[in-house]
Structures are given as structure tokens and as C-alpha cells.
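**Q** I'm passing along final_24.pdb; it holds PDB, C-alpha atoms and all ligand atoms.
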ATOM      1  CA  MET A   1      93.435 110.730 104.690  1.00  0.00           C
ATOM      2  CA  PRO A   2      95.832 107.784 104.393  1.00  0.00           C
ATOM      3  CA  HIS A   3      98.657 107.288 106.857  1.00  0.00           C
ATOM      4  CA  LEU A   4     101.853 109.039 105.880  1.00  0.00           C
ATOM      5  CA  VAL A   5     103.734 105.728 105.976  1.00  0.00           C
ATOM      6  CA  GLU A   6     102.461 102.219 106.496  1.00  0.00           C
ATOM      7  CA  LEU A   7     104.526  99.048 106.784  1.00  0.00           C
ATOM      8  CA  ARG A   8     102.544  95.906 106.111  1.00  0.00           C
ATOM      9  CA  ASN A   9     104.039  92.684 107.430  1.00  0.00           C
ATOM     10  CA  CYS A  10     107.562  93.787 106.685  1.00  0.00           C
ATOM     11  CA  ARG A  11     110.381  91.337 107.082  1.00  0.00           C
ATOM     12  CA  ARG A  12     114.023  92.046 106.448  1.00  0.00           C
ATOM     13  CA  ASP A  13     116.510  89.235 106.607  1.00  0.00           C
ATOM     14  CA  TYR A  14     120.143  88.759 105.699  1.00  0.00           C
ATOM     15  CA  ASP A  15     122.408  85.847 104.985  1.00  0.00           C
ATOM     16  CA  ASN A  16     119.687  83.676 103.405  1.00  0.00           C
ATOM     17  CA  GLY A  17     117.326  84.216 106.288  1.00  0.00           C
ATOM     18  CA  ARG A  18     119.827  83.318 109.012  1.00  0.00           C
ATOM     19  CA  ILE A  19     119.721  86.879 110.352  1.00  0.00           C
ATOM     20  CA  VAL A  20     116.269  88.374 110.819  1.00  0.00           C
ATOM     21  CA  ALA A  21     116.593  92.110 111.349  1.00  0.00           C
ATOM     22  CA  LEU A  22     112.877  92.816 111.158  1.00  0.00           C
ATOM     23  CA  ASP A  23     110.293  90.119 111.717  1.00  0.00           C
ATOM     24  CA  ASP A  24     106.820  90.644 110.234  1.00  0.00           C
ATOM     25  CA  VAL A  25     106.411  94.204 111.439  1.00  0.00           C
ATOM     26  CA  SER A  26     103.259  96.188 110.739  1.00  0.00           C
ATOM     27  CA  PHE A  27     103.512  99.793 111.709  1.00  0.00           C
ATOM     28  CA  THR A  28     101.988 103.118 110.740  1.00  0.00           C
ATOM     29  CA  VAL A  29     103.247 106.659 110.931  1.00  0.00           C
ATOM     30  CA  ALA A  30     100.469 109.241 111.142  1.00  0.00           C
ATOM     31  CA  ARG A  31     100.874 112.801 109.933  1.00  0.00           C
ATOM     32  CA  GLY A  32     102.108 114.917 112.811  1.00  0.00           C
ATOM     33  CA  ASP A  33     103.566 111.973 114.710  1.00  0.00           C
ATOM     34  CA  PHE A  34     106.717 112.499 116.737  1.00  0.00           C
ATOM     35  CA  ILE A  35     107.993 108.968 117.237  1.00  0.00           C
ATOM     36  CA  ALA A  36     110.990 107.663 119.126  1.00  0.00           C
ATOM     37  CA  ILE A  37     112.051 104.152 118.161  1.00  0.00           C
ATOM     38  CA  THR A  38     113.967 102.559 121.012  1.00  0.00           C
ATOM     39  CA  GLY A  39     115.350  99.119 121.765  1.00  0.00           C
ATOM     40  CA  PRO A  40     118.586  97.274 122.429  1.00  0.00           C
ATOM     41  CA  SER A  41     121.474  97.364 120.002  1.00  0.00           C
ATOM     42  CA  GLY A  42     120.758  95.015 117.093  1.00  0.00           C
ATOM     43  CA  SER A  43     116.995  95.001 117.683  1.00  0.00           C
ATOM     44  CA  GLY A  44     116.240  96.373 114.215  1.00  0.00           C
ATOM     45  CA  LYS A  45     115.816 100.110 114.863  1.00  0.00           C
ATOM     46  CA  SER A  46     117.924 101.303 111.954  1.00  0.00           C
ATOM     47  CA  THR A  47     116.426  98.658 109.693  1.00  0.00           C
ATOM     48  CA  LEU A  48     112.906  99.838 110.517  1.00  0.00           C
ATOM     49  CA  LEU A  49     113.861 103.464 109.906  1.00  0.00           C
ATOM     50  CA  ASP A  50     115.575 102.622 106.609  1.00  0.00           C
ATOM     51  CA  ILE A  51     112.614 100.596 105.401  1.00  0.00           C
ATOM     52  CA  LEU A  52     110.117 103.316 106.125  1.00  0.00           C
ATOM     53  CA  CYS A  53     111.996 105.723 103.875  1.00  0.00           C
ATOM     54  CA  GLY A  54     113.054 103.176 101.270  1.00  0.00           C
ATOM     55  CA  LEU A  55     116.789 103.182 101.962  1.00  0.00           C
ATOM     56  CA  GLU A  56     116.287  99.437 102.407  1.00  0.00           C
ATOM     57  CA  GLU A  57     113.629  97.336 100.759  1.00  0.00           C
ATOM     58  CA  PRO A  58     111.820  94.677 102.778  1.00  0.00           C
ATOM     59  CA  SER A  59     112.528  91.017 101.977  1.00  0.00           C
ATOM     60  CA  ALA A  60     108.780  90.456 102.336  1.00  0.00           C
ATOM     61  CA  GLY A  61     105.813  92.728 102.928  1.00  0.00           C
ATOM     62  CA  GLU A  62     105.229  96.175 101.532  1.00  0.00           C
ATOM     63  CA  VAL A  63     105.505  99.839 102.349  1.00  0.00           C
ATOM     64  CA  LEU A  64     102.824 102.369 101.492  1.00  0.00           C
ATOM     65  CA  TYR A  65     103.689 106.034 101.425  1.00  0.00           C
ATOM     66  CA  ASP A  66     100.742 108.391 101.512  1.00  0.00           C
ATOM     67  CA  GLY A  67      98.495 105.438 100.735  1.00  0.00           C
ATOM     68  CA  ARG A  68     100.387 104.115  97.721  1.00  0.00           C
ATOM     69  CA  PRO A  69     102.763 101.153  97.600  1.00  0.00           C
ATOM     70  CA  VAL A  70     106.296 102.251  96.737  1.00  0.00           C
ATOM     71  CA  ARG A  71     108.714  99.844  95.101  1.00  0.00           C
ATOM     72  CA  GLY A  72     112.140 100.171  93.553  1.00  0.00           C
ATOM     73  CA  ARG A  73     115.115 102.411  94.088  1.00  0.00           C
ATOM     74  CA  THR A  74     114.119 105.075  91.578  1.00  0.00           C
ATOM     75  CA  ALA A  75     110.636 105.608  92.988  1.00  0.00           C
ATOM     76  CA  TRP A  76     112.025 105.831  96.505  1.00  0.00           C
ATOM     77  CA  ALA A  77     114.870 108.153  95.527  1.00  0.00           C
ATOM     78  CA  ARG A  78     112.440 110.550  93.865  1.00  0.00           C
ATOM     79  CA  LEU A  79     110.101 110.442  96.833  1.00  0.00           C
ATOM     80  CA  ARG A  80     112.909 111.021  99.341  1.00  0.00           C
ATOM     81  CA  ALA A  81     114.299 113.961  97.407  1.00  0.00           C
ATOM     82  CA  ALA A  82     110.925 115.682  97.313  1.00  0.00           C
ATOM     83  CA  ARG A  83     109.392 114.804 100.664  1.00  0.00           C
ATOM     84  CA  ILE A  84     111.859 113.482 103.262  1.00  0.00           C
ATOM     85  CA  GLY A  85     114.711 115.097 105.184  1.00  0.00           C
ATOM     86  CA  PHE A  86     117.519 113.210 106.955  1.00  0.00           C
ATOM     87  CA  VAL A  87     119.521 113.817 110.096  1.00  0.00           C
ATOM     88  CA  PHE A  88     122.390 111.523 111.088  1.00  0.00           C
ATOM     89  CA  GLN A  89     124.277 110.841 114.296  1.00  0.00           C
ATOM     90  CA  SER A  90     127.568 112.014 112.818  1.00  0.00           C
ATOM     91  CA  PHE A  91     126.059 115.095 111.086  1.00  0.00           C
ATOM     92  CA  HIS A  92     127.460 114.287 107.585  1.00  0.00           C
ATOM     93  CA  LEU A  93     128.447 117.887 106.910  1.00  0.00           C
ATOM     94  CA  ILE A  94     131.047 118.617 104.255  1.00  0.00           C
ATOM     95  CA  PRO A  95     134.141 120.013 106.028  1.00  0.00           C
ATOM     96  CA  ALA A  96     135.360 122.089 103.078  1.00  0.00           C
ATOM     97  CA  LEU A  97     132.073 123.975 102.743  1.00  0.00           C
ATOM     98  CA  THR A  98     130.746 126.787 104.893  1.00  0.00           C
ATOM     99  CA  VAL A  99     127.607 126.432 106.961  1.00  0.00           C
ATOM    100  CA  ALA A 100     125.577 128.261 104.302  1.00  0.00           C
ATOM    101  CA  GLU A 101     127.010 126.103 101.507  1.00  0.00           C
ATOM    102  CA  ASN A 102     126.294 122.910 103.442  1.00  0.00           C
ATOM    103  CA  ILE A 103     122.627 123.907 103.503  1.00  0.00           C
ATOM    104  CA  GLU A 104     122.486 125.220  99.954  1.00  0.00           C
ATOM    105  CA  ILE A 105     123.954 122.046  98.506  1.00  0.00           C
ATOM    106  CA  ALA A 106     120.780 120.180  99.470  1.00  0.00           C
ATOM    107  CA  MET A 107     118.829 122.445  97.119  1.00  0.00           C
ATOM    108  CA  LEU A 108     121.024 122.162  94.042  1.00  0.00           C
ATOM    109  CA  TRP A 109     118.848 119.533  92.380  1.00  0.00           C
ATOM    110  CA  GLN A 110     115.559 121.288  92.973  1.00  0.00           C
ATOM    111  CA  GLY A 111     115.785 123.697  90.059  1.00  0.00           C
ATOM    112  CA  LEU A 112     115.555 126.711  92.344  1.00  0.00           C
ATOM    113  CA  PRO A 113     117.454 129.766  91.035  1.00  0.00           C
ATOM    114  CA  ALA A 114     120.508 130.918  93.005  1.00  0.00           C
ATOM    115  CA  ARG A 115     118.692 133.880  94.562  1.00  0.00           C
ATOM    116  CA  GLY A 116     115.875 131.648  95.754  1.00  0.00           C
ATOM    117  CA  ARG A 117     118.396 129.281  97.301  1.00  0.00           C
ATOM    118  CA  ALA A 118     120.234 132.106  99.028  1.00  0.00           C
ATOM    119  CA  SER A 119     117.111 133.510 100.607  1.00  0.00           C
ATOM    120  CA  ARG A 120     116.006 130.062 101.754  1.00  0.00           C
ATOM    121  CA  VAL A 121     119.449 129.527 103.364  1.00  0.00           C
ATOM    122  CA  THR A 122     119.168 132.842 105.206  1.00  0.00           C
ATOM    123  CA  GLU A 123     115.660 132.017 106.368  1.00  0.00           C
ATOM    124  CA  LEU A 124     116.795 128.640 107.721  1.00  0.00           C
ATOM    125  CA  LEU A 125     119.890 130.049 109.431  1.00  0.00           C
ATOM    126  CA  ASP A 126     117.778 132.684 111.152  1.00  0.00           C
ATOM    127  CA  ARG A 127     115.167 130.183 112.161  1.00  0.00           C
ATOM    128  CA  LEU A 128     117.761 127.860 113.712  1.00  0.00           C
ATOM    129  CA  GLY A 129     119.709 130.637 115.409  1.00  0.00           C
ATOM    130  CA  LEU A 130     122.751 130.166 113.183  1.00  0.00           C
ATOM    131  CA  GLY A 131     122.721 133.549 111.454  1.00  0.00           C
ATOM    132  CA  ASP A 132     126.162 134.510 112.742  1.00  0.00           C
ATOM    133  CA  ARG A 133     127.655 131.163 111.731  1.00  0.00           C
ATOM    134  CA  ARG A 134     126.932 131.190 108.004  1.00  0.00           C
ATOM    135  CA  ALA A 135     130.502 131.791 106.818  1.00  0.00           C
ATOM    136  CA  GLN A 136     132.122 129.371 109.266  1.00  0.00           C
ATOM    137  CA  HIS A 137     133.134 125.798 108.583  1.00  0.00           C
ATOM    138  CA  PRO A 138     131.818 122.766 110.480  1.00  0.00           C
ATOM    139  CA  MET A 139     135.113 122.350 112.362  1.00  0.00           C
ATOM    140  CA  GLN A 140     134.570 125.747 113.982  1.00  0.00           C
ATOM    141  CA  LEU A 141     131.219 124.731 115.469  1.00  0.00           C
ATOM    142  CA  SER A 142     130.189 122.798 118.553  1.00  0.00           C
ATOM    143  CA  GLY A 143     128.480 119.431 118.140  1.00  0.00           C
ATOM    144  CA  GLY A 144     125.093 120.945 118.916  1.00  0.00           C
ATOM    145  CA  GLU A 145     125.616 123.677 116.316  1.00  0.00           C
ATOM    146  CA  ARG A 146     126.699 121.138 113.715  1.00  0.00           C
ATOM    147  CA  GLN A 147     123.545 119.163 114.305  1.00  0.00           C
ATOM    148  CA  ARG A 148     121.476 122.337 113.942  1.00  0.00           C
ATOM    149  CA  VAL A 149     123.139 122.931 110.570  1.00  0.00           C
ATOM    150  CA  ALA A 150     122.244 119.351 109.654  1.00  0.00           C
ATOM    151  CA  VAL A 151     118.627 119.991 110.657  1.00  0.00           C
ATOM    152  CA  ALA A 152     118.632 123.164 108.522  1.00  0.00           C
ATOM    153  CA  ARG A 153     119.932 121.124 105.593  1.00  0.00           C
ATOM    154  CA  ALA A 154     117.244 118.496 106.191  1.00  0.00           C
ATOM    155  CA  LEU A 155     114.610 121.263 106.053  1.00  0.00           C
ATOM    156  CA  ALA A 156     115.967 122.925 102.916  1.00  0.00           C
ATOM    157  CA  ASN A 157     113.532 121.261 100.534  1.00  0.00           C
ATOM    158  CA  ARG A 158     110.521 121.651 102.825  1.00  0.00           C
ATOM    159  CA  PRO A 159     110.068 117.969 103.677  1.00  0.00           C
ATOM    160  CA  GLU A 160     106.907 116.614 105.273  1.00  0.00           C
ATOM    161  CA  LEU A 161     108.856 113.896 107.114  1.00  0.00           C
ATOM    162  CA  ILE A 162     112.179 113.958 108.924  1.00  0.00           C
ATOM    163  CA  VAL A 163     113.891 110.701 109.807  1.00  0.00           C
ATOM    164  CA  ALA A 164     116.840 110.689 112.160  1.00  0.00           C
ATOM    165  CA  ASP A 165     118.991 107.770 113.315  1.00  0.00           C
ATOM    166  CA  GLU A 166     120.469 108.601 116.739  1.00  0.00           C
ATOM    167  CA  PRO A 167     120.458 112.377 116.071  1.00  0.00           C
ATOM    168  CA  THR A 168     121.607 113.084 119.625  1.00  0.00           C
ATOM    169  CA  GLY A 169     124.035 110.166 119.845  1.00  0.00           C
ATOM    170  CA  SER A 170     127.119 112.365 119.444  1.00  0.00           C
ATOM    171  CA  LEU A 171     125.897 115.197 121.654  1.00  0.00           C
ATOM    172  CA  ASP A 172     126.045 115.964 125.361  1.00  0.00           C
ATOM    173  CA  SER A 173     122.683 115.717 127.094  1.00  0.00           C
ATOM    174  CA  ARG A 174     122.036 119.465 127.024  1.00  0.00           C
ATOM    175  CA  SER A 175     122.662 119.811 123.254  1.00  0.00           C
ATOM    176  CA  GLY A 176     120.730 116.601 122.678  1.00  0.00           C
ATOM    177  CA  ALA A 177     117.734 118.032 124.506  1.00  0.00           C
ATOM    178  CA  ASP A 178     118.046 121.242 122.448  1.00  0.00           C
ATOM    179  CA  ILE A 179     117.872 119.249 119.210  1.00  0.00           C
ATOM    180  CA  ILE A 180     114.772 117.398 120.409  1.00  0.00           C
ATOM    181  CA  ASN A 181     113.134 120.697 121.387  1.00  0.00           C
ATOM    182  CA  LEU A 182     113.965 122.044 117.961  1.00  0.00           C
ATOM    183  CA  LEU A 183     112.406 119.022 116.248  1.00  0.00           C
ATOM    184  CA  GLU A 184     109.319 119.295 118.440  1.00  0.00           C
ATOM    185  CA  ASP A 185     109.047 122.949 117.507  1.00  0.00           C
ATOM    186  CA  LEU A 186     109.211 122.043 113.811  1.00  0.00           C
ATOM    187  CA  ARG A 187     106.538 119.415 114.259  1.00  0.00           C
ATOM    188  CA  ARG A 188     104.268 121.948 115.895  1.00  0.00           C
ATOM    189  CA  THR A 189     104.891 125.004 113.762  1.00  0.00           C
ATOM    190  CA  ALA A 190     105.750 123.524 110.363  1.00  0.00           C
ATOM    191  CA  ALA A 191     103.581 120.384 110.555  1.00  0.00           C
ATOM    192  CA  ILE A 192     106.561 118.106 109.985  1.00  0.00           C
ATOM    193  CA  THR A 193     106.286 114.455 110.970  1.00  0.00           C
ATOM    194  CA  ILE A 194     109.320 113.114 112.797  1.00  0.00           C
ATOM    195  CA  VAL A 195     110.605 109.588 113.323  1.00  0.00           C
ATOM    196  CA  LEU A 196     113.840 109.179 115.218  1.00  0.00           C
ATOM    197  CA  VAL A 197     115.864 106.340 116.643  1.00  0.00           C
ATOM    198  CA  THR A 198     117.426 106.705 120.064  1.00  0.00           C
ATOM    199  CA  HIS A 199     118.717 104.467 122.796  1.00  0.00           C
ATOM    200  CA  ASP A 200     118.533 107.329 125.289  1.00  0.00           C
ATOM    201  CA  ARG A 201     115.529 107.001 127.563  1.00  0.00           C
ATOM    202  CA  SER A 202     115.415 110.688 128.470  1.00  0.00           C
ATOM    203  CA  ILE A 203     115.328 111.586 124.756  1.00  0.00           C
ATOM    204  CA  ALA A 204     112.571 109.051 124.063  1.00  0.00           C
ATOM    205  CA  GLU A 205     110.479 110.446 126.893  1.00  0.00           C
ATOM    206  CA  ARG A 206     110.395 113.819 125.161  1.00  0.00           C
ATOM    207  CA  CYS A 207     108.732 112.282 122.108  1.00  0.00           C
ATOM    208  CA  ALA A 208     104.951 112.006 121.895  1.00  0.00           C
ATOM    209  CA  ARG A 209     104.973 108.364 120.784  1.00  0.00           C
ATOM    210  CA  ARG A 210     107.422 105.655 121.780  1.00  0.00           C
ATOM    211  CA  VAL A 211     107.907 102.388 119.947  1.00  0.00           C
ATOM    212  CA  GLU A 212     110.180  99.722 121.352  1.00  0.00           C
ATOM    213  CA  LEU A 213     111.750  96.985 119.285  1.00  0.00           C
ATOM    214  CA  VAL A 214     113.010  93.698 120.660  1.00  0.00           C
ATOM    215  CA  ASP A 215     114.504  91.070 118.367  1.00  0.00           C
ATOM    216  CA  GLY A 216     113.056  92.656 115.237  1.00  0.00           C
ATOM    217  CA  ARG A 217     109.522  92.907 116.577  1.00  0.00           C
ATOM    218  CA  ILE A 218     107.510  95.727 118.064  1.00  0.00           C
ATOM    219  CA  ALA A 219     107.359  94.965 121.779  1.00  0.00           C
ATOM    220  CA  PHE A 220     105.621  98.194 122.741  1.00  0.00           C
ATOM    221  CA  ASP A 221     103.913 101.079 120.988  1.00  0.00           C
ATOM    222  CA  SER A 222     102.521 103.853 123.171  1.00  0.00           C
ATOM    223  CA  ALA A 223      99.935 104.580 120.448  1.00  0.00           C
ATOM    224  CA  ARG A 224      98.544 101.086 120.899  1.00  0.00           C
ATOM    225  CA  GLU A 225      98.191 101.196 124.659  1.00  0.00           C
ATOM    226  CA  PRO A 226      94.746  99.971 125.704  1.00  0.00           C
ATOM    227  CA  VAL A 227      92.418 102.858 126.351  1.00  0.00           C
ATOM    228  CA  PRO A 228      91.130 102.633 129.937  1.00  0.00           C
ATOM    229  CA  GLU A 229      87.404 102.065 130.145  1.00  0.00           C
ATOM    230  CA  ALA A 230      85.485 105.179 130.943  1.00  0.00           C
ATOM    231  CA  HIS A 231      83.608 105.077 134.211  1.00  0.00           C
ATOM    232  CA  PRO A 232      80.073 106.384 134.183  1.00  0.00           C
TER     233      PRO A 232
HETATM  234  N1  LIG B 301     123.726  94.568 105.912  1.00  0.00           N
HETATM  235  C1  LIG B 301     123.557  93.663 106.898  1.00  0.00           C
HETATM  236  N2  LIG B 301     124.043  92.409 106.772  1.00  0.00           N
HETATM  237  C2  LIG B 301     123.862  91.493 107.750  1.00  0.00           C
HETATM  238  N3  LIG B 301     123.224  91.740 108.910  1.00  0.00           N
HETATM  239  C3  LIG B 301     122.722  92.974 109.083  1.00  0.00           C
HETATM  240  C4  LIG B 301     122.866  94.008 108.101  1.00  0.00           C
HETATM  241  N4  LIG B 301     122.247  95.123 108.559  1.00  0.00           N
HETATM  242  C5  LIG B 301     121.767  94.813 109.782  1.00  0.00           C
HETATM  243  N5  LIG B 301     122.052  93.524 110.098  1.00  0.00           N
HETATM  244  C6  LIG B 301     121.670  92.825 111.341  1.00  0.00           C
HETATM  245  O1  LIG B 301     120.290  93.029 111.582  1.00  0.00           O
HETATM  246  C7  LIG B 301     120.033  93.233 112.964  1.00  0.00           C
HETATM  247  C8  LIG B 301     119.370  94.572 113.186  1.00  0.00           C
HETATM  248  O2  LIG B 301     120.279  95.624 112.844  1.00  0.00           O
HETATM  249  P1  LIG B 301     119.970  97.169 113.038  1.00  0.00           P
HETATM  250  O3  LIG B 301     118.652  97.474 112.404  1.00  0.00           O
HETATM  251  O4  LIG B 301     121.139  97.913 112.560  1.00  0.00           O
HETATM  252  O5  LIG B 301     119.823  97.262 114.632  1.00  0.00           O
HETATM  253  P2  LIG B 301     119.865  98.540 115.594  1.00  0.00           P
HETATM  254  O6  LIG B 301     119.802  99.771 114.766  1.00  0.00           O
HETATM  255  O7  LIG B 301     118.685  98.369 116.503  1.00  0.00           O
HETATM  256  O8  LIG B 301     121.136  98.439 116.370  1.00  0.00           O
HETATM  257  C9  LIG B 301     121.368  93.096 113.658  1.00  0.00           C
HETATM  258  O9  LIG B 301     121.497  91.758 114.111  1.00  0.00           O
HETATM  259  C10 LIG B 301     122.369  93.385 112.568  1.00  0.00           C
HETATM  260  O10 LIG B 301     123.590  92.750 112.820  1.00  0.00           O
HETATM  261 MG    MG B 302     121.134 101.360 114.523  1.00  0.00          MG
END
Could you write out this file's structure as C-alpha cells?

**A**
Amino acid sequence: MPHLVELRNCRRDYDNGRIVALDDVSFTVARGDFIAITGPSGSGKSTLLDILCGLEEPSAGEVLYDGRPVRGRTAWARLRAARIGFVFQSFHLIPALTVAENIEIAMLWQGLPARGRASRVTELLDRLGLGDRRAQHPMQLSGGERQRVAVARALANRPELIVADEPTGSLDSRSGADIINLLEDLRRTAAITIVLVTHDRSIAERCARRVELVDGRIAFDSAREPVPEAHP
């Protein structure tokens, strides 16, 4: 089976090449991976994440999704809508909508009838322990609860991949750890692949695979660590 995502020699530069955000990076995401991308500010973490889901296109190199090269905004937009969920540092919930509506809105373009959407919302709220919050508005929730609503929204269309840029960056360490546990649980029970960016070492250590960027290059990848020689 092909890798879920593969970057081949991806470069991303700005300002006519004066700024190199990502420098000839080759990188694969396997199905079932739970990857933390770490690195100093400006090292290219967000750029790498955006390129692997097509929010940015590489200046050179190519991205394969499920074994096929993907090019162009339309192809990526279609692929994201069907197969990828997003979680952001600042939640991106709509303040005027209730918790249930914030989740349902993600399903409006899927052609699911209203009753199907409603039952999916209930299922997600129950699963994420938000059943008693459905009629509330984001302002009435704690940061950790808001991020759980955002995870529910990301799951609405049954994605195979969740990408998250600093999903715990606005949370205290306890709520941050809860979100990571929740993502790990989804990886295990719903076979969802997860790639997140974090600058928090304790968050990264909870992830099965850690990739560190320095100056737009991969300086470390725990999946590439040399395997110690077996002793007879
Ligand atoms: N749209 C842009 N225009 C110019 N420079 C950019 C743009 N986006 C990112 N960069 C630069 O690329 C580098 C990597 O950025 P980014 O991927 O956001 O880093 P990180 O997420 O690790 O903080 C930084 O030097 C940043 O200033
Ligand atoms: Mg960033």
C-alpha cells in the first residue's frame, strides 16, 4: 500500500528565493502515524504541514497523496474536503453558532440529509464528552472544551488524516494533554492518521513519531533512527 502522504524533494521559498521556508525536504507519512513536528520558530513547521495537505504548493518537488501526485488548488480542495480534518491553535469556531451547529456546518457540503447530520453530531458530541454542551455557544466553554468541539468538527466527515498546527498552543498543560490523549485514542480506535505541529516538548513526547525541523530541513526523524544491530 502506498504511503498516505509523500513529499519528494519539496522546496518552498518566498521573495524570489531569498527566504527558504522548506529546503529540499523528503518526508513520508504512513497510515496510522502519529507525528509531532517540532523545531524553533521559523524553522518551517507550518510550511511543511501546509504542503502536506495542499494548503501551500511547493516551489519545487512534488507531493503524492495515497500514491498519486496531487497538483492544483481544485484537486487539493476536493481531496481535503473528503479526506482531511483540521484543528487550529485558535479553534476557529463560529461564535454565533451553538456547539452542535459548529459541528454540523462542516457537513453541509457533503450532501447528507438533515437527519443524518443531526445523528452524526450527536454521535460526535457523545464520543467527545460534550453531550451536555450542544446548545451552548463557544464563549461559554473552556479552552479545552472549545478544542474538543473543534476536534469533533474535524471528525465530522470521517477523515483519514487530521492535521493540526499547535492544537494545544492556547491551552493549559492539563487540557493540552487531554487533547493529545483524545487524538491518540482516535488514532487507535478510528484508524486516523495524525500530524501535528508543536513547540512543546512534553506534547511531542506523547506522540509516537517525532520530526524536528531546523532551518527548513529535517534534522531528526525518530522513524529514521538507526536500528541497533541485533546481538546473537
Ligand atoms: N507567506 C510568506 N511570505 C514570506 N515568508 C514566509 C511566508 N510564510 C512563511 N514565511 C517564512 O518561512 C519561514 C518558515 O515559516 P513557518 O513555516 O511559518 O515556520 P514555523 O511554523 O516553524 O514557525 C519563516 O522564515 C517565515 O518567516
Ligand atoms: Mg508555525

**Q** Apply the PyMOL selection byres (((chain A and resi 142-152) around 6) and not hetatm) to the file shown and report the selected residues as number ranges by chain.

**A** A: 91, 124, 141, 153-155, 175

**Q** For the file shown, report as a ChimeraX atom specification the outcome of the PyMOL selection byres (((chain A and resi 48) around 9) and not hetatm) at residue level.

**A** /A:10,12,21-22,25,37,44-47,49-53,56,216

**Q** Could you give me, as a tab-separated table, every range 182-214 of chain A residue with an atom at most 8 Å from range 40-43 of chain A, plus its closest atom pair and distance in Å to one decimal, counting all atoms listed in the file, rows ordered by chain then number?

**A**
residue	atom	partner	partner_atom	distance
A:His199	CA	A:Pro40	CA	7.2
A:Leu213	CA	A:Ser43	CA	5.8
A:Val214	CA	A:Ser43	CA	5.1

**Q** Just the residues within 12 Å of range 64-75 of chain A, please, counting all atoms listed in the file, with nothing from its chain fewer than 2 positions along; format it as a VMD selection string.

**A** chain A and resid 1 to 10 26 to 31 51 to 62 77 to 84 160 to 161

**Q** Smallest atom-to-atom distance to ligand LIG 301 (chain B): which of A:Glu205, A:Glu184, A:Asp33, A:Asp215, using only C-alpha atoms and all ligand atoms?

**A**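 So, comparing all the options, the nearest one is A:Asp215.
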
**Q** Rank A:Arg115, A:Arg127, A:Arg11, A:Arg158 by their smallest atom-to-atom distance to Asp185 in chain A, using all atoms listed in the file, and report the top residue only.

**A**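 Under the stated criterion, the closest residue is A:Arg127.
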
**Q** Here is a test: counting only C-alpha atoms and all ligand atoms, which residue of A:Leu196, A:Ala223, A:Ala114, A:Ile105 is nearest to ligand LIG 301 (chain B)?

**A**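 Once distances to ligand LIG 301 (chain B) are computed over only C-alpha atoms and all ligand atoms, the minimum belongs to A:Leu196.
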
**Q** Applied to this file, what does the PyMOL selection byres (((chain A and resi 131-135) around 8) and not hetatm) return in terms of residues, put as number ranges by chain?

**A** A: 98-100, 122, 125-126, 128-130, 136-137

**Q** Can you tell me, as an mmCIF file with C-alpha atoms, in the coordinates of the input, what residues are no more than 10 Å from Gly32 in chain A when counting only C-alpha atoms, ignoring any on the same chain fewer than 4 positions away?

**A**
data_model
loop_
_atom_site.group_PDB
_atom_site.id
_atom_site.type_symbol
_atom_site.label_atom_id
_atom_site.label_comp_id
_atom_site.auth_asym_id
_atom_site.auth_seq_id
_atom_site.Cartn_x
_atom_site.Cartn_y
_atom_site.Cartn_z
ATOM 1 C CA LEU A 4 101.853 109.039 105.880
ATOM 2 C CA GLU A 160 106.907 116.614 105.273
ATOM 3 C CA LEU A 161 108.856 113.896 107.114
ATOM 4 C CA ARG A 187 106.538 119.415 114.259
ATOM 5 C CA ARG A 188 104.268 121.948 115.895
ATOM 6 C CA ALA A 190 105.750 123.524 110.363
ATOM 7 C CA ALA A 191 103.581 120.384 110.555
ATOM 8 C CA ILE A 192 106.561 118.106 109.985
ATOM 9 C CA THR A 193 106.286 114.455 110.970
ATOM 10 C CA ILE A 194 109.320 113.114 112.797
ATOM 11 C CA ALA A 208 104.951 112.006 121.895
#

**Q** To one decimal in Å, tell me the separation between CA of Glu101 in chain A and CA of Ser119 in chain A.

**A**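 Atom-to-atom, CA of Glu101 in chain A to CA of Ser119 in chain A, that is 12.4 Å.
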
**Q** Between A:Arg18, A:Arg120, A:Arg217, A:Arg224, which is the closest to Ile103 in chain A once you count only C-alpha atoms?

**A**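 That would be A:Arg120, the residue with the smallest distance to Ile103 in chain A.
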